[in-house]
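This report refers to the structure that appears directly beneath it.
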Amino acid sequence: MDEAFTTSSKSGAAINVIRGLVGATLGGVGGFFLTGWILKQHIYAGMLPGTMLGLGCGVFVQRRNILLALFCGIAALGLGIFTEWKHLPFVSDGSLDYLVRHLPPFKWLMLGLGGLAGFWFALGTRGKRDAGP
């Protein structure tokens with residue numbers, strides 16, 4: 001285990017969460033704009049914003065934090081819904097409320113998988129217990 005990536009104090013844990021939130025923000029913003037670009041290529045990428053949010057958090061965290069990962073999973077689902085609303089609004093009614101009530105099951109599945117990926121990738125890989133010999 002890398003000594004540079006271990007945090008033993010409460011201030012180290014707080015810094016770990018802040019780093020994760022910064023990474024999640026960067027990944028989420030990147031995922032939002034990348035999804036818009038991919039949609040212009042006529043490809044649906046409903047999982048991408050949430051996945052990028054989780055990847056951003058996972059890259060920046062020093063140690064696993066389940067609460068941070070849960071927050072990122074919920075934020076990833078919210079970002080997916082927001083991205084869907086901004087890039088693919090309904091023509092008859094462009095409100096967020098209308099979109100949430102009339103979204104087809106396939107899109108809910110993709111957004112839900114994006115939220116799950118956001119949780120999973122936000123866990124990161126550092127701080128994982130080794131299986132040992």
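Residues are referred to by chain and number: the chain letter is A, B, ... according to the order shown in the structure tokens, the number counts from 1 in that chain, and ligands are numbered separately from 1 in the order shown.
The list of residues with at least one atom within 9 Å of A:Leu79, based on only C-alpha atoms and without residues fewer than 4 positions apart in the same chain, reads A:Gly28, A:Phe32, A:Pro49, A:Gly50, A:Leu53, A:Ile74, A:Ala75, A:Thr83, A:Glu84, A:Leu111, A:Gly115.
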Fewer than 4 positions away in the same chain doesn't count, so skip those; otherwise give me all residues within 12 Å of A:Pro89, counting only C-alpha atoms, as an NGL selection string. :A and (81-85 or 93-100 or 102-103)
Restricted to C-alpha atoms, what would the selected residues look like written as a tab-separated table (two decimals), in the first residue's frame?
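selection39.tsv, freshly written:
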```tsv
chain	number	residue	atom	x	y	z
A	81	ILE	CA	-31.84	13.63	-15.47
A	82	PHE	CA	-30.61	17.22	-15.76
A	83	THR	CA	-28.51	16.35	-18.83
A	84	GLU	CA	-31.48	14.61	-20.44
A	85	TRP	CA	-33.65	17.65	-19.75
A	93	ASP	CA	-43.60	20.73	-22.78
A	94	GLY	CA	-39.96	21.51	-21.98
A	95	SER	CA	-40.37	21.51	-18.19
A	96	LEU	CA	-38.35	19.23	-15.96
A	97	ASP	CA	-41.51	17.98	-14.24
A	98	TYR	CA	-43.00	16.87	-17.56
A	99	LEU	CA	-39.77	15.10	-18.54
A	100	VAL	CA	-39.61	13.15	-15.27
A	102	HIS	CA	-43.02	11.02	-19.27
A	103	LEU	CA	-39.53	9.56	-19.66
```
DSSP on the backbone: which residues in chain A end up as alpha helix (DSSP H)? Give the answer as a ChimeraX atom specification. /A:10-40,48-60,66-87,96-102,105-122
Could you name the residues that touch A:Gly27 at 8 Å or less, counting only C-alpha atoms, but leaving out those on the same chain fewer than 2 positions away, as a list of chain:residue names?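 The contact residues come out as A:Gly23, A:Ala24, A:Thr25, A:Val29, A:Gly30, A:Gly31, A:Pro49, A:Met52, A:Leu53, A:Gly54, A:Leu55, A:Gly56, A:Cys57.
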Those selected residues, please, written with N, CA and C atoms and delivered as a CSV table (one decimal), in the first residue's frame.
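This went into selection16.csv:
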```csv
chain,number,residue,atom,x,y,z
A,23,GLY,N,-13.2,16.2,-7.9
A,23,GLY,CA,-13.1,15.3,-9.0
A,23,GLY,C,-14.4,15.0,-9.6
A,24,ALA,N,-15.5,14.8,-8.7
A,24,ALA,CA,-16.8,14.5,-9.2
A,24,ALA,C,-17.4,15.7,-9.9
A,25,THR,N,-17.1,16.9,-9.5
A,25,THR,CA,-17.5,18.1,-10.2
A,25,THR,C,-16.9,18.2,-11.6
A,29,VAL,N,-19.1,17.8,-15.0
A,29,VAL,CA,-19.1,18.8,-16.0
A,29,VAL,C,-18.6,18.3,-17.4
A,30,GLY,N,-17.6,17.5,-17.3
A,30,GLY,CA,-17.1,16.9,-18.6
A,30,GLY,C,-18.1,16.0,-19.2
A,31,GLY,N,-18.7,15.2,-18.3
A,31,GLY,CA,-19.7,14.2,-18.8
A,31,GLY,C,-20.9,14.9,-19.4
A,49,PRO,N,-23.0,10.9,-18.3
A,49,PRO,CA,-22.7,11.9,-17.3
A,49,PRO,C,-22.5,11.4,-15.9
A,52,MET,N,-19.1,9.5,-15.7
A,52,MET,CA,-17.9,10.5,-15.7
A,52,MET,C,-17.8,11.1,-14.3
A,53,LEU,N,-19.0,11.4,-13.7
A,53,LEU,CA,-19.0,12.0,-12.3
A,53,LEU,C,-18.3,11.0,-11.3
A,54,GLY,N,-18.7,9.8,-11.4
A,54,GLY,CA,-18.1,8.8,-10.5
A,54,GLY,C,-16.6,8.5,-10.8
A,55,LEU,N,-16.2,8.5,-12.1
A,55,LEU,CA,-14.8,8.3,-12.4
A,55,LEU,C,-14.0,9.5,-11.9
A,56,GLY,N,-14.5,10.7,-12.0
A,56,GLY,CA,-13.8,11.9,-11.5
A,56,GLY,C,-13.6,11.8,-10.0
A,57,CYS,N,-14.6,11.4,-9.3
A,57,CYS,CA,-14.4,11.2,-7.9
A,57,CYS,C,-13.4,10.1,-7.5
```
Would you mind reading off the distance between atom CA of A:Leu88 and atom CA of A:Trp37, one decimal, in Å? 12.3 Å
Gap from atom CA of A:Arg63 to atom CA of A:Gly118 - Å, one decimal: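 Distance between the two atoms: 16.3 Å.
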From the options A:Ser11, A:Lys107, A:Arg19, A:Leu116, which residue's atoms come nearest to A:Val61, counting only C-alpha atoms?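 Nearest candidate to A:Val61 out of A:Ser11, A:Lys107, A:Arg19, A:Leu116: A:Arg19.
Taking only C-alpha atoms into account, A:Gly46 lies nearest to A:Gly80 out of the set A:Pro104, A:Gly58, A:Gly73, A:Gly80.
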